[in-house]
Amino acid sequence: MKKDNKNVMYWLLTGCFLIFIMVIVGGITRLTDSGLSISNYKLITGTIPPIGEQEWQEAFDLYKQYPEYQKLHNHFTLEDFKSIYFWEWLHRVIGRAIGLIFIIPFIYFLIRKQLTGSTIKKCLILLVLGGFQGFLGWYMVKSGLVDRPDVSHYRLAAHLTTAFLTFAATLWVALDLKFPNKKPVNTSFRNLILVSYGILIIQIIYGAFVAGLKAGLLHNHWPMMNEGKFIHSSVYILDPFYKNIIENPSGIQFIHRIIAFLVVLSIFIIWKRSRRISLTSYQQKGVNALLILVLVQFMLGVFTILLQVPLWLGIAHQVGAFFLLSAMTFTLHRFTK
């Protein structure tokens with residue numbers, strides 16, 4: 001059978017889809033404060049949720065020993081606990097499923113010699129990224145089991161950003177198989193897309209900061225912040241000043257707002273410049289998708305702030321970021337030699 005065949009591509013795209021589902025479930029887990037409901041890590045037996053009233057009570061008693069219950073959820077009943085336990089359990093099960101769906105077919109394709117040397121190397125990188133993502137998930141949860149009833153926003157950002165980058169890398173490898181023959185490209189235009197890609201990644205990081213510090217619940221006005229000010233005084237309240245950029249919820253929300261404008265502007269420039277050069281049909285589709293998705297994502301962000309982050313809108317905003325990164329990855333790939 002031909003190496004790097006359609007089955008290999010479909011396998012990679014299946015991985016992309018599962019990562020997408022995992023990001024959605026992860027967002028629900030975060031927005032429902034479910035992420036610290038399972039305080040112990042069991043790689044194999046943790047796949048099976050508690051069975052019977054006794055096991056549920058044991059899991060609930062374990063949860064009671066940690067800060068989230070003691071400081072935030074001490075009013076919870078067993079039924080309340082079950083509802084948050086479900087989302088964290090599902091999130092972890094999907095993570096395990098992704099690992100199995102990647103490793104088992106990978107071994108099969110290796111045995112059947114259906115992968116080229118180049119694809120094997122790329123898949124090994126994906127394997128490392130996936131394993132690192134799992135480690136970051138454990139490392140993130142660990143930060144919320146000591147003193148604070150919340151995970152570190154730094155670790156949350158690392159966990160979420162790595163998930164996005166793992167998806168982008170997997171999609172890139174699948175696109176390499178879909179489009180094996182590269183054509184000459186406009187280097188300056190490609191570099192413009194690269195700059196926009198970098199801005200988008202920074203925005204995703206700051207989106208995770210906003211989520212981790214619950215900064216979306218502040219300054220629920222747009223385009224001004226509270227009191228009719230574009231820059232509210234709370235944005236620069238911390239000393240030294242740099243802490244406002246990485247630890248102050250108000251400062252982080254302000255930066256997230258500003259970078260949103262930069263993302264829109266950079267993609268508009270891409271679209272505008274694309275009209276002056278000759279594009280293939282796929283290149284044109286990629287650029288058009290970028291423009292549409294960035295406008296939708298911008299509006300989702302605005303309404304998420306105005307409505308104080310309702311669950312459905314918070315998830316929609318995260319999904320929008322996912323689609324925008326997908327379109328950016330596809331477009332960059334089509335302009336890469």
# chains A, B, ... in the order shown; residues from 1 in each chain; ligands from 1
$ residues_around --residues "A:Ala174" --least-positions-apart "3" --cutoff "8 Å" --atoms "only C-alpha atoms" --output "PyMOL selection string"
chain A and resi 9-10+12-13+170-171+177-178
$ select_by_dssp --residues "stretch 71-156 of chain A" --states "helix (DSSP H, G or I)" --output "number ranges by chain"
A: 71, 78-111, 117-142, 153-156
$ closest_residue --among "A:Leu279, A:Gln284, A:Ala260, A:Leu192" --to "A:Val296" --atoms "only C-alpha atoms"
A:Ala260
$ residues_around --residues "A:Gly27" --least-positions-apart "5" --cutoff "8 Å" --atoms "only C-alpha atoms" --output "ChimeraX atom specification"
/A:314-315,318
$ write_last_selection --atoms "N, CA and C atoms" --output "PDB file, in the first residue's frame"
ATOM      1  N   GLY A 314     -19.158  31.722  26.595  1.00  0.00           N
ATOM      2  CA  GLY A 314     -17.746  31.475  26.880  1.00  0.00           C
ATOM      3  C   GLY A 314     -17.213  30.320  26.043  1.00  0.00           C
ATOM      4  N   ILE A 315     -18.024  29.263  25.901  1.00  0.00           N
ATOM      5  CA  ILE A 315     -17.627  28.121  25.073  1.00  0.00           C
ATOM      6  C   ILE A 315     -17.561  28.536  23.611  1.00  0.00           C
ATOM      7  N   GLN A 318     -14.408  30.371  22.869  1.00  0.00           N
ATOM      8  CA  GLN A 318     -13.249  29.479  22.807  1.00  0.00           C
ATOM      9  C   GLN A 318     -13.250  28.678  21.514  1.00  0.00           C
TER      10      GLN A 318
END
$ residues_around --residues "A:Ala327" --least-positions-apart "4" --cutoff "12 Å" --atoms "only C-alpha atoms" --output "list in words"
Ala168, Leu171, Trp172, Ile193, Ser196, Tyr197, Leu200, Ile267, Tyr282, Gln283, Gln284, Lys285, Gly286, Val287, Asn288, Ala289, Leu290, Leu291, Ile292, Leu293, Val294, Gly320, Ala321, Phe322, Phe323, Thr331, Leu332, His333 and Arg334 of chain A
$ write_last_selection --atoms "N, CA and C atoms" --output "short mmCIF file (atom, residue, chain, number, x, y, z; two decimals), in the first residue's frame"
data_model
loop_
_atom_site.label_atom_id
_atom_site.label_comp_id
_atom_site.auth_asym_id
_atom_site.auth_seq_id
_atom_site.Cartn_x
_atom_site.Cartn_y
_atom_site.Cartn_z
N ALA A 168 -2.82 22.41 16.02
CA ALA A 168 -2.28 23.06 14.82
C ALA A 168 -1.19 22.21 14.18
N LEU A 171 -2.83 19.21 12.46
CA LEU A 171 -3.46 19.66 11.22
C LEU A 171 -2.41 19.93 10.15
N TRP A 172 -1.30 20.49 10.54
CA TRP A 172 -0.22 20.79 9.59
C TRP A 172 0.31 19.52 8.93
N ILE A 193 1.62 36.68 7.24
CA ILE A 193 0.75 35.69 7.89
C ILE A 193 1.43 35.16 9.16
N SER A 196 0.93 37.63 11.93
CA SER A 196 -0.45 37.55 12.40
C SER A 196 -0.66 36.29 13.24
N TYR A 197 -0.03 35.19 12.83
CA TYR A 197 -0.12 33.93 13.57
C TYR A 197 0.44 34.13 14.99
N LEU A 200 -1.92 36.07 17.13
CA LEU A 200 -3.05 35.23 17.52
C LEU A 200 -2.67 34.30 18.67
N ILE A 267 -5.27 40.66 10.26
CA ILE A 267 -5.97 39.81 9.28
C ILE A 267 -6.60 40.66 8.19
N TYR A 282 -7.31 27.59 -3.12
CA TYR A 282 -7.20 27.26 -1.71
C TYR A 282 -6.64 28.43 -0.90
N GLN A 283 -5.67 29.14 -1.46
CA GLN A 283 -5.14 30.31 -0.78
C GLN A 283 -6.21 31.36 -0.57
N GLN A 284 -7.02 31.59 -1.60
CA GLN A 284 -8.09 32.58 -1.50
C GLN A 284 -9.13 32.16 -0.48
N LYS A 285 -9.47 30.88 -0.47
CA LYS A 285 -10.44 30.39 0.51
C LYS A 285 -9.92 30.57 1.94
N GLY A 286 -8.63 30.32 2.12
CA GLY A 286 -8.04 30.48 3.44
C GLY A 286 -8.09 31.93 3.91
N VAL A 287 -7.74 32.86 3.05
CA VAL A 287 -7.75 34.28 3.40
C VAL A 287 -9.18 34.75 3.69
N ASN A 288 -10.13 34.34 2.86
CA ASN A 288 -11.52 34.73 3.08
C ASN A 288 -12.06 34.18 4.39
N ALA A 289 -11.70 32.93 4.69
CA ALA A 289 -12.14 32.33 5.95
C ALA A 289 -11.58 33.09 7.15
N LEU A 290 -10.34 33.53 7.04
CA LEU A 290 -9.72 34.32 8.11
C LEU A 290 -10.52 35.58 8.40
N LEU A 291 -10.87 36.29 7.35
CA LEU A 291 -11.60 37.55 7.53
C LEU A 291 -12.96 37.32 8.18
N ILE A 292 -13.68 36.32 7.72
CA ILE A 292 -15.01 36.03 8.28
C ILE A 292 -14.91 35.59 9.74
N LEU A 293 -13.99 34.67 9.99
CA LEU A 293 -13.88 34.11 11.34
C LEU A 293 -13.39 35.13 12.36
N VAL A 294 -12.48 36.01 11.96
CA VAL A 294 -11.97 36.98 12.93
C VAL A 294 -13.06 37.98 13.31
N GLY A 320 -14.57 29.69 18.75
CA GLY A 320 -14.21 30.65 17.72
C GLY A 320 -12.71 30.80 17.59
N ALA A 321 -12.02 30.83 18.72
CA ALA A 321 -10.55 30.91 18.69
C ALA A 321 -9.96 29.68 18.02
N PHE A 322 -10.58 28.54 18.28
CA PHE A 322 -10.12 27.27 17.70
C PHE A 322 -10.26 27.30 16.18
N PHE A 323 -11.42 27.73 15.69
CA PHE A 323 -11.65 27.81 14.25
C PHE A 323 -10.73 28.83 13.59
N THR A 331 -4.12 28.57 6.10
CA THR A 331 -3.66 29.63 5.21
C THR A 331 -2.14 29.71 5.18
N LEU A 332 -1.52 29.61 6.35
CA LEU A 332 -0.06 29.65 6.42
C LEU A 332 0.52 28.45 5.65
N HIS A 333 -0.09 27.30 5.80
CA HIS A 333 0.40 26.11 5.09
C HIS A 333 0.34 26.31 3.59
N ARG A 334 -0.72 26.94 3.11
CA ARG A 334 -0.88 27.15 1.66
C ARG A 334 0.10 28.18 1.11
#
$ residues_around --residues "A:Tyr139" --least-positions-apart "6" --cutoff "12 Å" --atoms "only C-alpha atoms" --output "PyMOL selection string"
chain A and resi 36+39+41+132-133+145+151-159
$ residues_around --residues "stretch 77-80 of chain A" --least-positions-apart "3" --cutoff "9 Å" --atoms "only C-alpha atoms" --output "ChimeraX atom specification"
/A:56-57,60,74,83-85
$ write_last_selection --atoms "C-alpha atoms" --output "CSV table (one decimal), in the first residue's frame"
chain,number,residue,atom,x,y,z
A,56,TRP,CA,-19.4,8.3,45.4
A,57,GLN,CA,-19.3,9.2,49.0
A,60,PHE,CA,-16.8,13.3,47.8
A,74,ASN,CA,-18.8,23.8,51.4
A,83,SER,CA,-22.4,17.2,38.4
A,84,ILE,CA,-18.9,18.8,38.5
A,85,TYR,CA,-17.2,15.4,38.7
$ closest_residue --among "A:Val8, A:Ile202, A:Leu115, A:Ile38" --to "A:Asp61" --atoms "only C-alpha atoms"
A:Ile38
$ closest_residue --among "A:Ile305, A:Met328, A:Met140, A:Leu213" --to "A:Val195" --atoms "only C-alpha atoms"
A:Met328
$ residues_around --residues "A:Trp87" --least-positions-apart "4" --cutoff "12 Å" --atoms "only C-alpha atoms" --output "list in words"
Met22, Val23, Ile24, Val25, Gly26, Gly27, Ile28, Thr29, Arg30, Leu31, Thr32, Asp33, Ser34, Gly35, Leu36, Ser37, Ile38, Pro49, Phe81, Lys82, Ser83, His91, Arg92, Val93 and Ile94 of chain A
$ atom_distance --atom1 "atom CA of A:Gln54" --atom2 "atom CA of A:Glu88"
19.9 Å
$ closest_residue --among "A:Ile205, A:Val141, A:Val185, A:Leu124" --to "A:Ile103" --atoms "only C-alpha atoms"
A:Leu124
$ atom_distance --atom1 "atom CA of A:Pro67" --atom2 "atom CA of A:Ser143"
10.9 Å
$ closest_residue --among "A:Ser188, A:Ser281, A:Ser234, A:Asn220" --to "A:Val302" --atoms "only C-alpha atoms"
A:Asn220
$ closest_residue --among "A:Gly117, A:Gly198, A:Gly301, A:Gly131" --to "A:Ala163" --atoms "only C-alpha atoms"
A:Gly131
